[in-house]
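To keep things clear, I will list the structure first and then write my remarks on it.
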Amino acid sequence: MIDVKHVRKSFGEKVVLQDISSTMQTGKCNLIIGTSGSGKTVLMKIMIGLIQPDAGEICYDGKDIVTMDAEDRKQLRQQVGMLFQGSALFDSQTVEENVMFPLQMFTNMSYKERKKRVNEVLEKVNLKDANKKYPAEISGGMMKRVGIARAIVMNPKYLFCDEPNSGLDPQTSGLIDELVHDITVENNITTVINTHDMNSVMDIGDHILFMTEGLRQWEGTKDDIIFSKNKRLNDFIFASDFLQDAKAKRMEEVEEKK
Ligand SMILES: Nc1ncnc2c1ncn2[C@@H]1O[C@H](COP(=O)(O)OP(=O)(O)OP(=O)(O)O)[C@@H](O)[C@H]1O
């Protein structure tokens, strides 16, 4: 669990986060959504410890990363997996070498042990036969899978994904969402996802934080979202007639389940 408590951040005169509090839940996909410039990326960077907030706490299962000393931060970082936008793979390294990288950096595992672990995670992301391929030889969806494999190879307790579906077609996006959700549930990880993808919100939004102008506007689940009376949330999520229809359909489905 990651507890975000009263976080504030300004850059010069510009107030970017105004007293944000939220709890990122264990074993769930916690989605951060909001208009462009609402502060989602800054909040995620503060959570990871890349930006220092002006005020507030980020408690990883009770331990505040903001006030933690460098050694404890280093230890904590090893429990954090990150999937970057665009996957951020090393072009000159094979899939296997890319995934092995964190093990080489942070563990004393032998080559045989590392190779075994890499094969395990590549199998988990359905990329069994791609070990020797280079990033240029695989599709965008496969690159995301390699990025996910690298993010989970150290068995993290916390997983951060920055716009995991950017640049992917809807079908591939759905498969990536399903994979991240399965990994989260199976390993009981706290997963935080920054996204603009409304399909992800409706498919894997176990917990959703909606932000506008650095403020928490709304919080809830993918089922709560369709019944919410929050006008800003409704305008943001159900911006088109198509999505309005989808909302009506989902409302019926949820009512039937009750
Ligand atoms: N290092 C920085 N220095 C100054 N201003 C910054 C810095 N980083 C972010 N900002 C500002 O903070 C605001 C929030 O930016 P942020 O990137 O968090 O938005 P976002 O919600 O992630 O947007 P998007 O959905 O477009 O990625 C923006 O106005 C941005 O210009």
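Numbering starts fresh at 1 for the residues of each chain in the structure tokens, the chains themselves are lettered A, B, ... in the order given, and ligands are numbered from 1 as they appear.
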Restrict the calculation to only C-alpha atoms and all ligand atoms, then for each residue of chain A with any atom at most 6 Å from an atom of ligand 1 give the closest atom pair and their distance in Å to one decimal, rows by chain and rising residue number, as JSON lines.
```
{"residue": "A:Phe11", "atom": "CA", "partner": "ligand 1", "partner_atom_place_in_ligand_line": "4 (C)", "distance": 4.9}
{"residue": "A:Val16", "atom": "CA", "partner": "ligand 1", "partner_atom_place_in_ligand_line": "12 (O)", "distance": 5.1}
{"residue": "A:Thr35", "atom": "CA", "partner": "ligand 1", "partner_atom_place_in_ligand_line": "25 (O)", "distance": 5.9}
{"residue": "A:Ser36", "atom": "CA", "partner": "ligand 1", "partner_atom_place_in_ligand_line": "26 (O)", "distance": 3.6}
{"residue": "A:Gly37", "atom": "CA", "partner": "ligand 1", "partner_atom_place_in_ligand_line": "19 (O)", "distance": 3.4}
{"residue": "A:Ser38", "atom": "CA", "partner": "ligand 1", "partner_atom_place_in_ligand_line": "21 (O)", "distance": 3.9}
{"residue": "A:Gly39", "atom": "CA", "partner": "ligand 1", "partner_atom_place_in_ligand_line": "18 (O)", "distance": 3.2}
{"residue": "A:Lys40", "atom": "CA", "partner": "ligand 1", "partner_atom_place_in_ligand_line": "21 (O)", "distance": 3.9}
{"residue": "A:Thr41", "atom": "CA", "partner": "ligand 1", "partner_atom_place_in_ligand_line": "18 (O)", "distance": 3.7}
{"residue": "A:Val42", "atom": "CA", "partner": "ligand 1", "partner_atom_place_in_ligand_line": "18 (O)", "distance": 3.9}
```
Original post:
Within 7 Å of stretch 205-214 of chain A, counting only C-alpha atoms, which residues qualify if same-chain residues fewer than 2 places away don't, as number ranges by chain?
Top reply: A: 16-18, 28-35, 38-39, 200-203, 216-222
Got time to write the residues from that selection, C-alpha atoms, as an mmCIF file, in the first residue's frame?
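And here's result.cif as it stands now:
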```cif
data_model
loop_
_atom_site.group_PDB
_atom_site.id
_atom_site.type_symbol
_atom_site.label_atom_id
_atom_site.label_comp_id
_atom_site.auth_asym_id
_atom_site.auth_seq_id
_atom_site.Cartn_x
_atom_site.Cartn_y
_atom_site.Cartn_z
ATOM 1 C CA VAL A 16 1.007 22.006 -9.491
ATOM 2 C CA LEU A 17 -0.275 19.833 -6.617
ATOM 3 C CA GLN A 18 -2.595 21.229 -3.959
ATOM 4 C CA LYS A 28 -5.015 -3.572 -7.171
ATOM 5 C CA CYS A 29 -4.484 -1.446 -10.260
ATOM 6 C CA ASN A 30 -4.605 2.145 -9.024
ATOM 7 C CA LEU A 31 -5.196 4.483 -11.973
ATOM 8 C CA ILE A 32 -4.410 8.195 -11.994
ATOM 9 C CA ILE A 33 -6.436 10.061 -14.590
ATOM 10 C CA GLY A 34 -7.056 13.712 -15.395
ATOM 11 C CA THR A 35 -6.757 16.460 -17.947
ATOM 12 C CA SER A 38 -3.362 18.305 -13.992
ATOM 13 C CA GLY A 39 -0.220 17.040 -12.255
ATOM 14 C CA SER A 200 -8.211 0.889 -19.200
ATOM 15 C CA VAL A 201 -10.279 2.884 -16.728
ATOM 16 C CA MET A 202 -13.356 0.777 -17.415
ATOM 17 C CA ASP A 203 -11.481 -2.556 -17.660
ATOM 18 C CA ARG A 216 -8.217 15.380 -6.083
ATOM 19 C CA GLN A 217 -11.609 15.680 -7.766
ATOM 20 C CA TRP A 218 -12.958 12.174 -7.316
ATOM 21 C CA GLU A 219 -11.952 8.684 -6.234
ATOM 22 C CA GLY A 220 -13.640 5.341 -6.697
ATOM 23 C CA THR A 221 -13.795 2.118 -8.692
ATOM 24 C CA LYS A 222 -14.668 1.444 -12.334
#
```
Original post:
Would you give me, as a ChimeraX atom specification, the residues in stretch 12-165 of chain A that DSSP reads as strand (DSSP E)?
Top reply: /A:14-24,29-34,55-60,63-64,80-83,158-162
**OP:** Give me the residues within 7 Å of stretch 65-69 of chain A as a PyMOL selection string, counting only C-alpha atoms and dropping any in the same chain fewer than 6 places off.
**Re:** chain A and resi 49+52+57-59
Output of the above residues as a PDB file, in the first residue's frame, restricted to C-alpha atoms:
```pdb
ATOM      1  CA  GLY A  49      11.091   9.742  -5.151  1.00  0.00           C
ATOM      2  CA  GLN A  52      10.828  16.136  -3.704  1.00  0.00           C
ATOM      3  CA  GLU A  57       4.331  12.226   2.924  1.00  0.00           C
ATOM      4  CA  ILE A  58       4.519   9.199   0.625  1.00  0.00           C
ATOM      5  CA  CYS A  59       4.321   6.164   2.871  1.00  0.00           C
TER       6      CYS A  59
END
```
Subject >> Residue nearest A:Asp169 - candidates A:Gly140, A:Lys5, A:Arg145, A:Ala239, atoms counted: only C-alpha atoms >> reply: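 The closest residue to A:Asp169 is A:Gly140.
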**OP:** Mind checking which residues fall within 10 Å of A:Phe84, counting only C-alpha atoms, ignoring those fewer than 6 positions away in the same chain, and posting them as a list of chain:residue names?
**Re:**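 Skipping anything fewer than 6 positions along the chain leaves A:Lys144, A:Gly147, A:Ile148, A:Ala151, A:Phe160, A:Cys161, A:Asp162, A:Glu163, A:Pro164.
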File of the preceding selection, C-alpha atoms, as a PDB file, in the first residue's frame:
```
ATOM      1  CA  LYS A 144       5.824  -3.202 -23.882  1.00  0.00           C
ATOM      2  CA  GLY A 147       9.333  -3.481 -20.559  1.00  0.00           C
ATOM      3  CA  ILE A 148       6.899  -5.251 -18.232  1.00  0.00           C
ATOM      4  CA  ALA A 151       9.860  -4.105 -14.495  1.00  0.00           C
ATOM      5  CA  PHE A 160       4.557   2.065 -11.666  1.00  0.00           C
ATOM      6  CA  CYS A 161       3.380   2.301 -15.276  1.00  0.00           C
ATOM      7  CA  ASP A 162       3.467   5.617 -17.112  1.00  0.00           C
ATOM      8  CA  GLU A 163       0.890   5.557 -19.912  1.00  0.00           C
ATOM      9  CA  PRO A 164       1.399   1.847 -20.675  1.00  0.00           C
TER      10      PRO A 164
END
```
**OP:** Between atom CA of A:Leu215 and atom CA of A:Asn199, measure the distance and give it in Å to one decimal.
**Re:**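 Spanning atom CA of A:Leu215 to atom CA of A:Asn199 is a straight-line distance of 23.2 Å.
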Original post:
Which residue gives the smallest distance to A:Met143 among A:Asn155, A:Ser110, A:Asn126, A:Gln78, with only C-alpha atoms counted?
Top reply: A:Asn126
**OP:** Find the residues around A:Gly81 up to 8 Å (only C-alpha atoms counted), leave out those fewer than 6 positions away in its own chain, and share them as number ranges by chain.
**Re:** A: 150-152, 154, 156-160
Mind dumping the selected residues with C-alpha atoms as a PDB file, in the first residue's frame?
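So the final result, stored in part.pdb, reads:
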```
ATOM      1  CA  ARG A 150      12.096  -5.950 -16.986  1.00  0.00           C
ATOM      2  CA  ALA A 151       9.860  -4.105 -14.495  1.00  0.00           C
ATOM      3  CA  ILE A 152       8.884  -7.322 -12.688  1.00  0.00           C
ATOM      4  CA  MET A 154      13.204  -8.237  -9.429  1.00  0.00           C
ATOM      5  CA  PRO A 156       8.749  -5.840  -7.023  1.00  0.00           C
ATOM      6  CA  LYS A 157       6.174  -5.040  -4.340  1.00  0.00           C
ATOM      7  CA  TYR A 158       5.255  -1.839  -6.152  1.00  0.00           C
ATOM      8  CA  LEU A 159       4.832  -1.301  -9.898  1.00  0.00           C
ATOM      9  CA  PHE A 160       4.557   2.065 -11.666  1.00  0.00           C
TER      10      PHE A 160
END
```
**OP:** Would you work out the distance separating atom CA of A:Val153 from atom CA of A:Glu120, expressed in Å to one decimal?
**Re:**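 According to the coordinates, atom CA of A:Val153 and atom CA of A:Glu120 are separated by 8.7 Å.
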